[in-house]
Amino acid sequence: MFLNFIKAARLRTLPLSISGIILGSFLAYSEGFTNTYIVILALLTTIGFQIISNFANDYGDGVKGTDNKDRIGPERALQSGDITAKQMLNAIITTSIITLIIALLLIYVSFGKENFIYSVIFFILGIASIAAAIKYTMGKNAYGYSGLGDVFVFIFFGLLSVCGTYFLYSKELNLSIFYPAFSIGFLSAAVLNLNNMRDIDNDKKSNKNTLVVKLGLNDSKKYHYFLIISSLFFALLYTYINYENFLQLIFLIAYIPIGIHFLKVIKTTNSKDFDPELKKVALSTFLFSILFGIGLII
């Protein structure tokens, strides 16, 4: 049973989810802010949010019948019968409680007793993150079924992840911090868009009206180009504004596999062929966050 929950946690999704935390921590470190406890607790909190999201996605799509024999990609836990709906619901509740406790520790370590207002704000953001993770596919008004998944991914994986992490260290924000956050947000949205382009046919049958279903495959590919190009633009914009040496451009290495992926998407006409591209973009985003950060501190 334990191994079934490990499988349902979809560990391969974790590198993408922590990319924003890594980049936010590097941005803070480059400006002299550092705290080992913050980075560890922030990573654990984000991993918790991602696992909640994966469990909730498995549960929501499972009980709605969206995960069925026509779906492309790995078989889900409820779909296969490895985990019952009640067991998955209990796992969601348990993981949410554990993650909230870790988030509270993170807030205390970062703000202590001196910054009560900041603590309240981040506690609310923590609750909102759990709610967003759960409501993606669960419930009658699941936003993933209304084409709003991309917006939430951009906000939580990009803006909140990068800028929120930076603020935990520094207790301040500046405009340029948002540019690399945009890059992570756009790349994360690109992973979701690939997932939805892969599942477009089955989602249509299941009344899951993702943005891809609403746009159609051809326009979704154009949207995908926009996401990739925009991610590169804002990374370059930040580097231009804060340029010190050419090593800051080391992150362009991550755009080699992204560029190859870009060409693959142009040529792809069969939705099932998008499946192997998800891992490529997710891992490239993780690589981008590390290389961008290294470029800031060397």
# chains A, B, ... in the order shown; residues from 1 in each chain; ligands from 1
call {"tool": "residues_around", "arguments": {"residues": "Lys279 of chain A", "least_positions_apart": "6", "cutoff": "12 Å", "atoms": "only C-alpha atoms", "output": "PyMOL selection string"}}
result
chain A and resi 11-16+73+188+190-192+194-195+257-258+261+285-286
call {"tool": "residues_around", "arguments": {"residues": "segment 38-45 of chain A", "least_positions_apart": "2", "cutoff": "8 Å", "atoms": "only C-alpha atoms", "output": "PyMOL selection string"}}
result
chain A and resi 18+21+25+35-36+47-49+99-100+102-103+105-106+109-110+165+168-169
call {"tool": "closest_residue", "arguments": {"among": "A:Phe246, A:Val120, A:Phe2, A:Glu75", "to": "Met88 of chain A", "atoms": "only C-alpha atoms"}}
result
A:Phe2
call {"tool": "closest_atom_pairs", "arguments": {"of": "segment 188-231 of chain A", "to": "segment 267-273 of chain A", "cutoff": "9 Å", "atoms": "only C-alpha atoms", "output": "tab-separated table"}}
result
residue	atom	partner	partner_atom	distance
A:Met197	CA	A:Ser271	CA	6.0
A:Arg198	CA	A:Ser271	CA	4.6
A:Asp199	CA	A:Ser271	CA	7.2
A:Ile200	CA	A:Ser271	CA	7.3
A:Asp201	CA	A:Ser271	CA	8.1
A:Leu217	CA	A:Ser271	CA	8.2
A:Asn218	CA	A:Thr269	CA	8.8
call {"tool": "closest_residue", "arguments": {"among": "A:Ile290, A:Cys163, A:Leu125, A:Ile92", "to": "Tyr59 of chain A", "atoms": "only C-alpha atoms"}}
result
A:Ile92
call {"tool": "select_by_dssp", "arguments": {"residues": "segment 28-208 of chain A", "states": "helix (DSSP H, G or I)", "output": "JSON, numbers by chain"}}
result
{"A": [28, 29, 30, 36, 37, 38, 39, 40, 41, 42, 43, 44, 45, 46, 47, 48, 49, 50, 51, 52, 53, 54, 55, 56, 57, 58, 59, 60, 61, 62, 63, 64, 77, 78, 79, 80, 85, 86, 87, 88, 89, 90, 91, 92, 93, 94, 95, 96, 97, 98, 99, 100, 101, 102, 103, 104, 105, 106, 107, 108, 109, 110, 111, 116, 117, 118, 119, 120, 121, 122, 123, 124, 125, 126, 127, 128, 129, 130, 131, 132, 133, 134, 135, 143, 144, 145, 149, 150, 151, 152, 153, 154, 155, 156, 157, 158, 159, 160, 161, 162, 163, 164, 165, 166, 167, 168, 169, 170, 175, 176, 177, 178, 179, 180, 181, 182, 183, 184, 185, 186, 187, 188, 189, 190, 191, 192, 193, 194, 195, 196, 197, 198, 200, 201, 202, 203, 204, 205]}
call {"tool": "write_last_selection", "arguments": {"atoms": "C-alpha atoms", "output": "tab-separated table (two decimals), in the first residue's frame"}}
result
chain	number	residue	atom	x	y	z
A	28	ALA	CA	18.24	36.13	-2.09
A	29	TYR	CA	21.74	34.68	-1.63
A	30	SER	CA	23.10	36.86	-4.42
A	36	THR	CA	19.69	27.19	5.82
A	37	TYR	CA	16.50	26.51	7.78
A	38	ILE	CA	14.43	28.62	5.40
A	39	VAL	CA	15.60	26.82	2.29
A	40	ILE	CA	15.03	23.37	3.83
A	41	LEU	CA	11.58	24.20	5.19
A	42	ALA	CA	10.57	26.02	1.99
A	43	LEU	CA	11.55	22.98	-0.09
A	44	LEU	CA	9.65	20.61	2.21
A	45	THR	CA	6.57	22.87	2.18
A	46	THR	CA	6.54	23.06	-1.60
A	47	ILE	CA	7.03	19.32	-1.95
A	48	GLY	CA	4.05	18.91	0.37
A	49	PHE	CA	1.92	21.23	-1.77
A	50	GLN	CA	2.88	19.28	-4.89
A	51	ILE	CA	2.05	15.91	-3.37
A	52	ILE	CA	-1.32	17.25	-2.19
A	53	SER	CA	-1.95	18.47	-5.73
A	54	ASN	CA	-1.01	15.10	-7.22
A	55	PHE	CA	-3.20	13.18	-4.77
A	56	ALA	CA	-6.10	15.58	-5.37
A	57	ASN	CA	-5.65	15.36	-9.14
A	58	ASP	CA	-5.72	11.56	-8.93
A	59	TYR	CA	-8.83	11.70	-6.75
A	60	GLY	CA	-10.67	14.38	-8.72
A	61	ASP	CA	-10.08	12.91	-12.17
A	62	GLY	CA	-10.66	9.42	-10.79
A	63	VAL	CA	-14.10	10.01	-9.29
A	64	LYS	CA	-15.16	12.11	-12.29
A	77	ALA	CA	-3.97	5.07	-8.59
A	78	LEU	CA	-7.78	5.33	-8.46
A	79	GLN	CA	-8.03	4.38	-12.12
A	80	SER	CA	-6.07	1.16	-11.49
A	85	ALA	CA	-11.27	6.98	-3.14
A	86	LYS	CA	-11.61	6.98	0.66
A	87	GLN	CA	-7.95	6.10	1.15
A	88	MET	CA	-6.88	8.85	-1.24
A	89	LEU	CA	-9.10	11.39	0.51
A	90	ASN	CA	-7.53	10.45	3.86
A	91	ALA	CA	-4.08	10.82	2.30
A	92	ILE	CA	-4.97	14.31	1.06
A	93	ILE	CA	-6.14	15.36	4.53
A	94	THR	CA	-3.08	13.88	6.27
A	95	THR	CA	-0.61	15.41	3.81
A	96	SER	CA	-2.36	18.80	4.10
A	97	ILE	CA	-2.02	18.78	7.90
A	98	ILE	CA	1.67	17.80	7.79
A	99	THR	CA	2.40	20.40	5.11
A	100	LEU	CA	0.60	23.12	7.05
A	101	ILE	CA	2.67	22.34	10.17
A	102	ILE	CA	5.90	22.60	8.14
A	103	ALA	CA	4.65	25.86	6.60
A	104	LEU	CA	4.01	27.27	10.08
A	105	LEU	CA	7.56	26.36	11.10
A	106	LEU	CA	8.85	28.09	7.96
A	107	ILE	CA	6.85	31.21	8.77
A	108	TYR	CA	8.13	31.28	12.35
A	109	VAL	CA	11.76	30.77	11.32
A	110	SER	CA	11.49	33.54	8.73
A	111	PHE	CA	9.46	36.16	10.60
A	116	PHE	CA	3.26	39.41	12.85
A	117	ILE	CA	1.60	40.95	9.77
A	118	TYR	CA	3.97	39.11	7.43
A	119	SER	CA	3.29	35.90	9.33
A	120	VAL	CA	-0.47	36.30	8.87
A	121	ILE	CA	-0.08	37.07	5.17
A	122	PHE	CA	2.08	34.00	4.55
A	123	PHE	CA	-0.24	31.81	6.64
A	124	ILE	CA	-3.10	32.90	4.38
A	125	LEU	CA	-0.93	32.19	1.32
A	126	GLY	CA	-0.20	28.73	2.73
A	127	ILE	CA	-3.90	27.99	3.15
A	128	ALA	CA	-4.54	29.36	-0.35
A	129	SER	CA	-1.82	27.09	-1.77
A	130	ILE	CA	-3.40	24.01	-0.20
A	131	ALA	CA	-6.84	25.07	-1.41
A	132	ALA	CA	-5.51	25.66	-4.93
A	133	ALA	CA	-3.81	22.25	-4.94
A	134	ILE	CA	-7.04	20.54	-3.92
A	135	LYS	CA	-9.49	22.51	-6.06
A	143	TYR	CA	-10.88	25.28	-11.82
A	144	GLY	CA	-8.89	22.77	-13.87
A	145	TYR	CA	-12.15	21.88	-15.59
A	149	GLY	CA	-5.23	25.82	-14.49
A	150	ASP	CA	-2.62	27.81	-16.42
A	151	VAL	CA	-3.33	30.97	-14.42
A	152	PHE	CA	-2.97	29.20	-11.10
A	153	VAL	CA	0.21	27.40	-12.18
A	154	PHE	CA	1.75	30.70	-13.30
A	155	ILE	CA	0.87	32.38	-9.99
A	156	PHE	CA	1.79	29.59	-7.58
A	157	PHE	CA	4.73	27.96	-9.40
A	158	GLY	CA	6.11	31.24	-10.69
A	159	LEU	CA	5.26	34.42	-8.79
A	160	LEU	CA	4.53	33.02	-5.34
A	161	SER	CA	7.27	30.40	-5.46
A	162	VAL	CA	10.11	32.70	-6.55
A	163	CYS	CA	9.04	36.05	-5.09
A	164	GLY	CA	7.58	34.50	-1.94
A	165	THR	CA	10.79	32.58	-1.26
A	166	TYR	CA	12.90	35.69	-1.86
A	167	PHE	CA	10.71	37.65	0.58
A	168	LEU	CA	11.08	34.98	3.28
A	169	TYR	CA	14.80	35.78	3.35
A	170	SER	CA	14.87	39.49	2.61
A	175	LEU	CA	10.47	44.82	-9.52
A	176	SER	CA	13.30	42.93	-11.21
A	177	ILE	CA	12.72	39.87	-8.99
A	178	PHE	CA	9.46	39.33	-10.84
A	179	TYR	CA	11.21	38.80	-14.19
A	180	PRO	CA	12.84	35.42	-13.39
A	181	ALA	CA	9.61	34.54	-11.55
A	182	PHE	CA	7.79	35.13	-14.84
A	183	SER	CA	10.26	32.79	-16.55
A	184	ILE	CA	9.60	29.97	-14.08
A	185	GLY	CA	5.87	30.64	-14.27
A	186	PHE	CA	5.78	30.52	-18.08
A	187	LEU	CA	7.85	27.32	-18.21
A	188	SER	CA	5.63	25.68	-15.57
A	189	ALA	CA	2.55	26.68	-17.56
A	190	ALA	CA	4.22	25.16	-20.63
A	191	VAL	CA	4.44	21.80	-18.83
A	192	LEU	CA	0.73	21.97	-18.00
A	193	ASN	CA	-0.07	22.99	-21.56
A	194	LEU	CA	1.83	19.96	-22.87
A	195	ASN	CA	-0.08	17.74	-20.48
A	196	ASN	CA	-3.37	19.18	-21.69
A	197	MET	CA	-2.40	18.97	-25.37
A	198	ARG	CA	-1.61	15.30	-24.82
A	200	ILE	CA	-7.11	16.93	-25.42
A	201	ASP	CA	-9.23	14.15	-26.94
A	202	ASN	CA	-10.03	12.42	-23.66
A	203	ASP	CA	-10.62	15.75	-21.88
A	204	LYS	CA	-13.19	16.71	-24.52
A	205	LYS	CA	-15.06	13.46	-23.94
